[in-house]
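Only one structure is covered here, and it is reproduced in the block below.
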Amino acid sequence: MLDNLKEYIKMFFNSRLLPITVVFVLLFSILVNRMFELQIVDRDNIIASGASNTIKEKDIKATRGNIYDCNGKLLAYNKLSYNIVFSETSKLSGMTNDEKNQMIHRLLYILQKQGNELSVEYYLQYEKGKLQYQVEGSSLERYQADAYSVQGGVKALTQEQKDTTPQEMYDYLIKKFEISDSYDQDTAIDILAVRYAMFINRYAKFQDIILAKNVNENTVAAIKENSELLPGVDIDQNTSRVYKKSKYFAHMLGYTGSISAEKLEELQKDGEESVYSVDDQIGISGLESTYEEYLRGTKGSKEITVDGGTSRIISEKTTKDPVAGNDLYLTIDAKLQEECYHLLEERIAGILISNINNSMYAGTRGHSTKDIRVPIYDVYNAIIQNNIVNVERFNDDDASVLEKATLNKYKAKKKVIVRRIRQLLASGSTADAKSISSDMNDFLDYFYKILTENSIVITESNESDSSQKSVDTSDATYKSYANGSLSLSKYLQYAISQQWIDLDKLDIGNDFYSTQEIYKKLVDYGIDLLENDTTFTKMIYSYMIYHYELSGRDICLLLFDQGDIKYNAQEYTQVKHGITSSYSFLIRKIKKLEITPGQLGLDPCSGSIIVTDVNTGDVKAMVTYPSYDNNKMANQVDSDYFYTYLKDNTASPLLNRPTQQEIAPGSTFKMVTSVASLQEGLITPSSTVYDTVTFTKAPAYGSPRCWSSSSHGNLTVSGALEHS
């Protein structure tokens, strides 16, 4: 028996199972030891650590419902998109302010290189070269309270903190976040916006901060490649709203956008605090806004366990699945809507072309509507004024030879005009509106306007500051200036003596200055405001066009240079060498709708069409012209340039004419008055009124005339409607 045991032992040690057995025994021993440490040795510490963990609930966004036309054609839907988000990490918490700023600067470089923009909220921005708050009222006070970390919130703000100027707030935050002065002005503002977003998120570190929305795949790849250098920065999958053939339906559908602090506060007052959060998308206008509750869906939620010591996420668990929003079906026929839009645009273009005049002649404009003409120089000017040619691009490093030459012409003319403005504003100048050219009057009027817009000249009294006075429009001196018999120079000096000027904005301080010294500071301040003012810049280009210093040929060639018109070598050469006149070239482009009436914004440039089903009253088409791309509005694509274009365009593309424009109802309203008169018994179906061609019974409205120059005789209600 002993021999057998020895044999078994010998066989075991010679067996291949020996190494495996040893490994298993070793691993089992380690496991037992670790369990002993966790359950016996470290039991108290683990219990204490677990008690400090917090469980948070985080929303899972619901998919927004689609929008369809009456035939089931898709008009608005959601597509997968990528957001760049930031979340607090242990690595980031150990970084210095300077290291955090460098990390953000690296991220900004990637975004700019890939053509993306930051999506964080900017509370401070440069406007016309000067820092301005981007919020006001209660939103501004909340921002100030957060920035100063005021215990007790807005109610605990001191008056001094409430009176903090934008520049003072900027200096305070730059110092707080230790943002180096080596960064340029725009970069410093961007870094400050991100640092502030991180700062106010410090009490909810488990929540992501959206830094950029709807970024492209190249940006996603660049972020992942540089992930080691961008701690806390990650990619989050989301959905973005897409509108098919958007220009035909933009006003009707509206668009979605980030919920503003003001809107969120308003919704919370209405008991909607559980429905929306700061990073939500909401319907801003049109049907997206009207049917917001129907389309938005119901959020889900997940339970997040957050480490009490590091604020890092330990685990996540879905507790409620999201419910997609409802789909919306319209009475609109998409194909009919599109056809109506094209017909309307072609009709307006035809009317515009028939009225464009190859000279400065404007027909009866300013006198009557009988024979108004559109000078071709108005077309040249509209191309600049409505940003078809973007003059800001003349400063780009890759600007064309012609763009750079045009910019040099502008700079030379600007010096001349500013010098002339200074002459007319000299303290001893008596040049009133009646003694100078209309062009210089326009420049001086704008100089005064920009002073009032920036509240240098006080046009509205401040109830909280009784020492400030506002312009007295009943004052005799003001009236003399207003009717053009007193120079702007004399009027502004008088305004200083009447305390109509906000001296605080001129940095007067407590020093004593004479009226003339203050006036000199006022003029310098106004000229500085003009330096970076877009409207003033365009006024100078307009001056150059109407004084033949910027030719129509150059305007046409600039359209090619900026890609507003598809490049054609033959066309370009013909225009450049005068073989094709700029007039003929532009007429052809408008006729082909390569340049549209909506882009030019010259009368006629707008219109609307509504088509209804006579049997049901359903609206089958509701067209407004001109329109815009609501995809850019919803997803903030090229936002700065696009918003400027929409805001400044004289064709008012944001106006939904069928529902918002106030115009005389015309003949369609005659049925209302006719039915009302019949119903009230004032007339009968057989009653007649003699057509005298000119209607004289409403003197307050002049003498309206019939469309016909000859009388229709005695007319009943039905006859009047027939001839209307």
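Residues in the structure tokens are named by chain (A, B, ... in the order shown) and by number from 1 within that chain; ligands are numbered from 1 in the order shown.
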Using backbone DSSP assignments, extract all alpha helix (DSSP H) residues from segment 386-547 of chain A; output them as a ChimeraX atom specification.
-> /A:401-424,438-453,476-482,488-497,515-531,534-546
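The nearest approach to Thr239 of chain A among the residues A:Lys73, A:His105, A:Arg64, A:Lys113, with only C-alpha atoms taken into account, belongs to A:Arg64.
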One decimal place gives the atom CA of Gly286 of chain A-atom CA of Leu253 of chain A separation as 5.0 Å
Please provide as a PyMOL selection string all residues within 10 Å of Tyr170 of chain A, with the sequence filter that same-chain residues fewer than 3 positions apart are discarded (counting only C-alpha atoms).
-> chain A and resi 123-125+131-133+164-167+173-176+188-189+192
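Between atom CA of Asn78 of chain A and atom CA of Val242 of chain A the interatomic distance comes to 5.8 Å.
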Enter the distance from atom CA of Lys247 of chain A to atom CA of Asp629 of chain A, in Å, rounded to one decimal.
->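 Rounded to one decimal, the two atoms are 5.3 Å apart.
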Proximity of segment 363-450 of chain A to segment 599-605 of chain A: per-residue shortest pair, 9 Å limit, only C-alpha atoms, as CSV:
residue,atom,partner,partner_atom,distance
A:Val374,CA,A:Leu602,CA,8.1
A:Asp378,CA,A:Leu602,CA,7.9
A:Val379,CA,A:Leu600,CA,7.0
A:Asn381,CA,A:Leu600,CA,9.0
A:Ala382,CA,A:Leu600,CA,5.3
A:Ile383,CA,A:Leu600,CA,6.2
A:Gln385,CA,A:Leu600,CA,8.5
A:Asn386,CA,A:Leu600,CA,6.4
A:Asn387,CA,A:Gln599,CA,8.5
A:Ile388,CA,A:Gln599,CA,6.9
Within 12 Å of Ser709 of chain A, counting only C-alpha atoms, which residues qualify if same-chain residues fewer than 6 places away don't, as number ranges by chain?
-> A: 691-694
So that each row is one residue of segment 223-285 of chain A with an atom at most 12 Å from segment 327-333 of chain A, can you give its shortest atom pair and the distance in Å to one decimal, using only C-alpha atoms, rows by chain and rising number, as a tab-separated table?
residue	atom	partner	partner_atom	distance
A:Tyr248	CA	A:Asp333	CA	11.3
A:Phe249	CA	A:Ile332	CA	9.7
A:Met252	CA	A:Ile332	CA	9.9
A:Leu253	CA	A:Leu330	CA	10.1
Leaving out Leu352 of chain A and any residue of its chain fewer than 2 positions from it, which residues lie within 12 Å of it when counting only C-alpha atoms, given as a VMD selection string?
-> chain A and resid 345 to 350 354 to 357 372 to 376 378 to 379 586 to 587 590 to 591 593 595 to 598 600 to 606
Got a sec: who's within 12 Å of Glu571 of chain A, counting only C-alpha atoms, leaving out chain neighbours fewer than 6 positions off, as an MDAnalysis selection string?
-> chainID A and resid 553 556:557 559:560 565 577:582 584:586 588:589
Between A:Ile450, A:Ala634, A:Ile351, A:Ile436, which is the closest to Phe536 of chain A once you count only C-alpha atoms?
->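 Smallest separation from Phe536 of chain A among the options: A:Ile450.
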